[in-house]
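Take a look at the structure below.
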Amino acid sequence: MIVRLTSKFGSVDAVHKTPHTGNDYAIPEGTTLRAVGDGIVDKVFDGSDKIGRGLSVQFEDGSRVIYGHMKEVSVKVGEHVGNGEVVGLSGNTGHSTAPHLHIGAKDAAGGWLDPSPIGEQVVKSAGDLNVFERFMANGRVGDGIGDIPKFSVWELLHEKVAEVTLNGSVDFIADIAISLPIVSVVGAGVYCLINMFSKSLAKWGAIGTVIYGVCVIKGL
């Protein structure tokens with residue numbers, strides 16, 4: 001899953017007339033969202049405000065993380081959530097121009113904080129699959145933040161296998177072209193030798209000699 005940071009904390013733009021209080025991440029609607037620490041759900045947004053559906057989780061030190069523009073919230077006010085526990089699904093509710101997740105953070109006194117470290121944790125833990133399972137599923141790795149090109153391991157392996165196979169085939173054909181006369185001569189010699197005793201055994205002996213010679217050339 002490729003995630004882009006579309007609006008940073010403190011930015012002012014066409015959408016945010018005043019400094020943005022969080023980070024916005026472009027993320028597919030319906031993506032599973034998880035808690036990034038142990039805390040208590042102190043507020044659930046019903047979707048009637050600009051932030052849309054969402055929630056706030058208060059940690060032991062009094063700080064808070066806020067999720068906004070969600071499609072679904074699966075926890076209730078007063079509920080304890082553990083690190084990694086599912087809290088809902090990302091969406092496109094409230095004042096939103098496209099599916100994305102708003103992450104905000106407050107200190108114990110209620111002041112806004114740059115939520116980048118928390119946002120990174122949220123998007124890295126997003127989805128039904130863990131990091132290893134996502135890697136095995138699509139081969140893509142990366143930090144998941146910003147417009148960073150994603151690197152596909154499977155694409156690289158495919159290229160390397162194709163390269164090795166092609167080069168190996170070319171080398172093998174070249175070896176066969178050079179060694180075939182020798183193998184043929186040896187096979188003919190075996191045929192003549194065994195033919196003095198049995199014509200049928202001579203044929204199979206020659207065939208076996210050629211096959212053995214091909215296997216030796218290929219390195220089996």
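In the structure tokens, the first chain shown is A, the next is B, and so on; residue numbers restart at 1 for each chain, and ligands run from 1 in the order shown.
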Worksheet item: What's the 9 Å shell around segment 50-54 of chain A, counting only C-alpha atoms, without same-chain residues fewer than 2 positions away, as a list in words?
Response: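 Within the cut-off, the hits are Lys43, Val44, Phe45, Asp46, Gly47, Ser48, Ser56, Ile66, Tyr67, Gly68, His69, Met70, Lys71, Glu72, Val73, Gly88, Ser90, Gly91, Asn92, Thr93, Gly94, His95, Ser96 and His102 of chain A.
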Preceding selection exported with N, CA, C and O atoms as an mmCIF file, in the first residue's frame:
data_model
loop_
_atom_site.group_PDB
_atom_site.id
_atom_site.type_symbol
_atom_site.label_atom_id
_atom_site.label_comp_id
_atom_site.auth_asym_id
_atom_site.auth_seq_id
_atom_site.Cartn_x
_atom_site.Cartn_y
_atom_site.Cartn_z
ATOM 1 N N LYS A 43 -12.730 10.561 23.308
ATOM 2 C CA LYS A 43 -13.729 11.240 22.488
ATOM 3 C C LYS A 43 -13.936 10.491 21.183
ATOM 4 O O LYS A 43 -12.997 9.947 20.609
ATOM 5 N N VAL A 44 -15.184 10.458 20.739
ATOM 6 C CA VAL A 44 -15.521 9.890 19.432
ATOM 7 C C VAL A 44 -16.298 10.949 18.656
ATOM 8 O O VAL A 44 -17.285 11.495 19.165
ATOM 9 N N PHE A 45 -15.851 11.264 17.445
ATOM 10 C CA PHE A 45 -16.517 12.258 16.600
ATOM 11 C C PHE A 45 -17.566 11.564 15.740
ATOM 12 O O PHE A 45 -17.273 10.557 15.082
ATOM 13 N N ASP A 46 -18.776 12.128 15.727
ATOM 14 C CA ASP A 46 -19.897 11.451 15.062
ATOM 15 C C ASP A 46 -20.016 11.775 13.572
ATOM 16 O O ASP A 46 -20.907 11.279 12.885
ATOM 17 N N GLY A 47 -19.165 12.659 13.070
ATOM 18 C CA GLY A 47 -19.211 12.967 11.638
ATOM 19 C C GLY A 47 -19.888 14.283 11.322
ATOM 20 O O GLY A 47 -19.945 14.698 10.162
ATOM 21 N N SER A 48 -20.401 14.968 12.321
ATOM 22 C CA SER A 48 -21.135 16.213 12.079
ATOM 23 C C SER A 48 -20.221 17.427 11.980
ATOM 24 O O SER A 48 -20.638 18.492 11.545
ATOM 25 N N SER A 56 -10.376 10.266 19.536
ATOM 26 C CA SER A 56 -9.203 10.760 20.240
ATOM 27 C C SER A 56 -8.820 9.733 21.294
ATOM 28 O O SER A 56 -9.689 9.215 22.004
ATOM 29 N N ILE A 66 -5.282 12.090 17.601
ATOM 30 C CA ILE A 66 -6.619 12.265 17.026
ATOM 31 C C ILE A 66 -6.649 11.716 15.613
ATOM 32 O O ILE A 66 -5.769 12.018 14.792
ATOM 33 N N TYR A 67 -7.659 10.899 15.319
ATOM 34 C CA TYR A 67 -7.882 10.344 13.984
ATOM 35 C C TYR A 67 -9.111 11.045 13.391
ATOM 36 O O TYR A 67 -10.136 11.146 14.069
ATOM 37 N N GLY A 68 -9.016 11.483 12.129
ATOM 38 C CA GLY A 68 -10.161 12.148 11.532
ATOM 39 C C GLY A 68 -10.495 11.674 10.132
ATOM 40 O O GLY A 68 -9.696 10.999 9.471
ATOM 41 N N HIS A 69 -11.713 12.008 9.677
ATOM 42 C CA HIS A 69 -12.240 11.669 8.342
ATOM 43 C C HIS A 69 -12.383 10.166 8.149
ATOM 44 O O HIS A 69 -12.242 9.663 7.033
ATOM 45 N N MET A 70 -12.680 9.455 9.225
ATOM 46 C CA MET A 70 -12.800 8.001 9.162
ATOM 47 C C MET A 70 -14.160 7.572 8.597
ATOM 48 O O MET A 70 -15.148 8.309 8.667
ATOM 49 N N LYS A 71 -14.192 6.393 8.079
ATOM 50 C CA LYS A 71 -15.434 5.803 7.581
ATOM 51 C C LYS A 71 -16.199 5.149 8.723
ATOM 52 O O LYS A 71 -17.436 5.185 8.779
ATOM 53 N N GLU A 72 -15.456 4.558 9.625
ATOM 54 C CA GLU A 72 -16.084 3.808 10.723
ATOM 55 C C GLU A 72 -15.182 3.831 11.942
ATOM 56 O O GLU A 72 -13.957 3.665 11.830
ATOM 57 N N VAL A 73 -15.778 4.033 13.114
ATOM 58 C CA VAL A 73 -15.060 3.979 14.389
ATOM 59 C C VAL A 73 -15.557 2.746 15.141
ATOM 60 O O VAL A 73 -16.754 2.585 15.357
ATOM 61 N N GLY A 88 -10.772 1.334 13.891
ATOM 62 C CA GLY A 88 -11.752 1.698 12.868
ATOM 63 C C GLY A 88 -11.179 1.622 11.470
ATOM 64 O O GLY A 88 -10.111 1.039 11.245
ATOM 65 N N SER A 90 -10.398 3.861 7.742
ATOM 66 C CA SER A 90 -10.199 5.183 7.148
ATOM 67 C C SER A 90 -11.336 5.492 6.188
ATOM 68 O O SER A 90 -12.017 4.581 5.694
ATOM 69 N N GLY A 91 -11.557 6.782 5.930
ATOM 70 C CA GLY A 91 -12.679 7.132 5.065
ATOM 71 C C GLY A 91 -12.508 8.458 4.355
ATOM 72 O O GLY A 91 -11.388 8.896 4.050
ATOM 73 N N ASN A 92 -13.639 9.133 4.162
ATOM 74 C CA ASN A 92 -13.666 10.390 3.415
ATOM 75 C C ASN A 92 -14.798 11.276 3.948
ATOM 76 O O ASN A 92 -15.500 11.926 3.186
ATOM 77 N N THR A 93 -14.965 11.274 5.281
ATOM 78 C CA THR A 93 -16.088 11.999 5.893
ATOM 79 C C THR A 93 -15.673 13.399 6.328
ATOM 80 O O THR A 93 -14.490 13.723 6.404
ATOM 81 N N GLY A 94 -16.666 14.222 6.637
ATOM 82 C CA GLY A 94 -16.398 15.589 7.054
ATOM 83 C C GLY A 94 -15.978 16.455 5.890
ATOM 84 O O GLY A 94 -16.323 16.187 4.742
ATOM 85 N N HIS A 95 -15.223 17.516 6.165
ATOM 86 C CA HIS A 95 -14.721 18.406 5.120
ATOM 87 C C HIS A 95 -13.492 17.755 4.491
ATOM 88 O O HIS A 95 -12.352 17.988 4.917
ATOM 89 N N SER A 96 -13.728 16.939 3.503
ATOM 90 C CA SER A 96 -12.670 16.162 2.871
ATOM 91 C C SER A 96 -12.841 16.188 1.365
ATOM 92 O O SER A 96 -13.954 16.031 0.857
ATOM 93 N N HIS A 102 -6.642 12.062 8.649
ATOM 94 C CA HIS A 102 -6.075 13.190 9.397
ATOM 95 C C HIS A 102 -5.567 12.663 10.732
ATOM 96 O O HIS A 102 -6.287 11.982 11.465
#
Discussion item. When you look at segment 80-86 of chain A with a cut-off of 8 Å (counting only C-alpha atoms), what residues show up, excluding the ones that are within fewer than 6 positions of it in the same chain? I need them as JSON, numbers by chain.
Written reply: {"A": [32, 33, 34, 35, 36, 37, 38, 39, 40, 41, 74, 125]}
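You will find atom CA of Tyr25 of chain A at 26.0 Å from atom CA of Glu60 of chain A.
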Item to complete: as a ChimeraX atom specification, please: all residues of segment 69-125 of chain A that backbone DSSP puts in strand (DSSP E).
Response: /A:69-73,80-81,86-90,100-106,112-113
Discussion item. Can you tell me which residues surround Pro117 of chain A at a distance of at most 12 Å, considering only C-alpha atoms, apart from same-chain residues fewer than 3 positions away, and format the answer as a PyMOL selection string?
Written reply: chain A and resi 9+22-23+36+65+103-105+113-114+120-124+145
Writing out the chosen residues with N, CA and C atoms as a PDB file, in the first residue's frame:
ATOM      1  N   PHE A   9       1.733  19.405   9.003  1.00  0.00           N
ATOM      2  CA  PHE A   9       1.388  20.182  10.187  1.00  0.00           C
ATOM      3  C   PHE A   9       1.854  21.632  10.002  1.00  0.00           C
ATOM      4  N   GLY A  22      -2.675  19.191  11.932  1.00  0.00           N
ATOM      5  CA  GLY A  22      -2.241  17.795  11.875  1.00  0.00           C
ATOM      6  C   GLY A  22      -1.569  17.483  10.555  1.00  0.00           C
ATOM      7  N   ASN A  23      -1.426  16.216  10.289  1.00  0.00           N
ATOM      8  CA  ASN A  23      -0.916  15.726   9.009  1.00  0.00           C
ATOM      9  C   ASN A  23      -2.028  14.971   8.300  1.00  0.00           C
ATOM     10  N   VAL A  36      -1.673   3.242  18.291  1.00  0.00           N
ATOM     11  CA  VAL A  36      -0.209   3.233  18.272  1.00  0.00           C
ATOM     12  C   VAL A  36       0.359   3.314  19.696  1.00  0.00           C
ATOM     13  N   VAL A  65      -3.743  11.482  20.682  1.00  0.00           N
ATOM     14  CA  VAL A  65      -3.660  11.341  19.230  1.00  0.00           C
ATOM     15  C   VAL A  65      -5.089  11.372  18.689  1.00  0.00           C
ATOM     16  N   ILE A 103      -4.313  12.962  11.037  1.00  0.00           N
ATOM     17  CA  ILE A 103      -3.745  12.600  12.329  1.00  0.00           C
ATOM     18  C   ILE A 103      -3.293  13.874  13.029  1.00  0.00           C
ATOM     19  N   GLY A 104      -3.815  14.082  14.240  1.00  0.00           N
ATOM     20  CA  GLY A 104      -3.415  15.223  15.046  1.00  0.00           C
ATOM     21  C   GLY A 104      -2.861  14.754  16.372  1.00  0.00           C
ATOM     22  N   ALA A 105      -2.143  15.623  17.047  1.00  0.00           N
ATOM     23  CA  ALA A 105      -1.565  15.269  18.351  1.00  0.00           C
ATOM     24  C   ALA A 105      -1.590  16.483  19.268  1.00  0.00           C
ATOM     25  N   LEU A 113       0.660  19.572  18.668  1.00  0.00           N
ATOM     26  CA  LEU A 113       2.025  19.103  18.423  1.00  0.00           C
ATOM     27  C   LEU A 113       2.154  18.635  16.980  1.00  0.00           C
ATOM     28  N   ASP A 114       3.374  18.641  16.477  1.00  0.00           N
ATOM     29  CA  ASP A 114       3.623  18.042  15.163  1.00  0.00           C
ATOM     30  C   ASP A 114       3.420  16.536  15.298  1.00  0.00           C
ATOM     31  N   GLU A 120       3.459   8.481  11.227  1.00  0.00           N
ATOM     32  CA  GLU A 120       4.247   7.433  10.585  1.00  0.00           C
ATOM     33  C   GLU A 120       3.915   6.065  11.163  1.00  0.00           C
ATOM     34  N   GLN A 121       3.753   6.013  12.489  1.00  0.00           N
ATOM     35  CA  GLN A 121       3.396   4.746  13.130  1.00  0.00           C
ATOM     36  C   GLN A 121       2.019   4.268  12.677  1.00  0.00           C
ATOM     37  N   VAL A 122       1.073   5.207  12.576  1.00  0.00           N
ATOM     38  CA  VAL A 122      -0.288   4.836  12.185  1.00  0.00           C
ATOM     39  C   VAL A 122      -0.319   4.255  10.790  1.00  0.00           C
ATOM     40  N   VAL A 123       0.307   4.949   9.821  1.00  0.00           N
ATOM     41  CA  VAL A 123       0.229   4.472   8.443  1.00  0.00           C
ATOM     42  C   VAL A 123       1.050   3.194   8.238  1.00  0.00           C
ATOM     43  N   LYS A 124       2.111   3.028   9.012  1.00  0.00           N
ATOM     44  CA  LYS A 124       2.897   1.802   8.891  1.00  0.00           C
ATOM     45  C   LYS A 124       2.128   0.596   9.432  1.00  0.00           C
ATOM     46  N   ILE A 145       5.775   6.959   3.603  1.00  0.00           N
ATOM     47  CA  ILE A 145       5.491   8.373   3.822  1.00  0.00           C
ATOM     48  C   ILE A 145       5.999   9.183   2.626  1.00  0.00           C
TER      49      ILE A 145
END
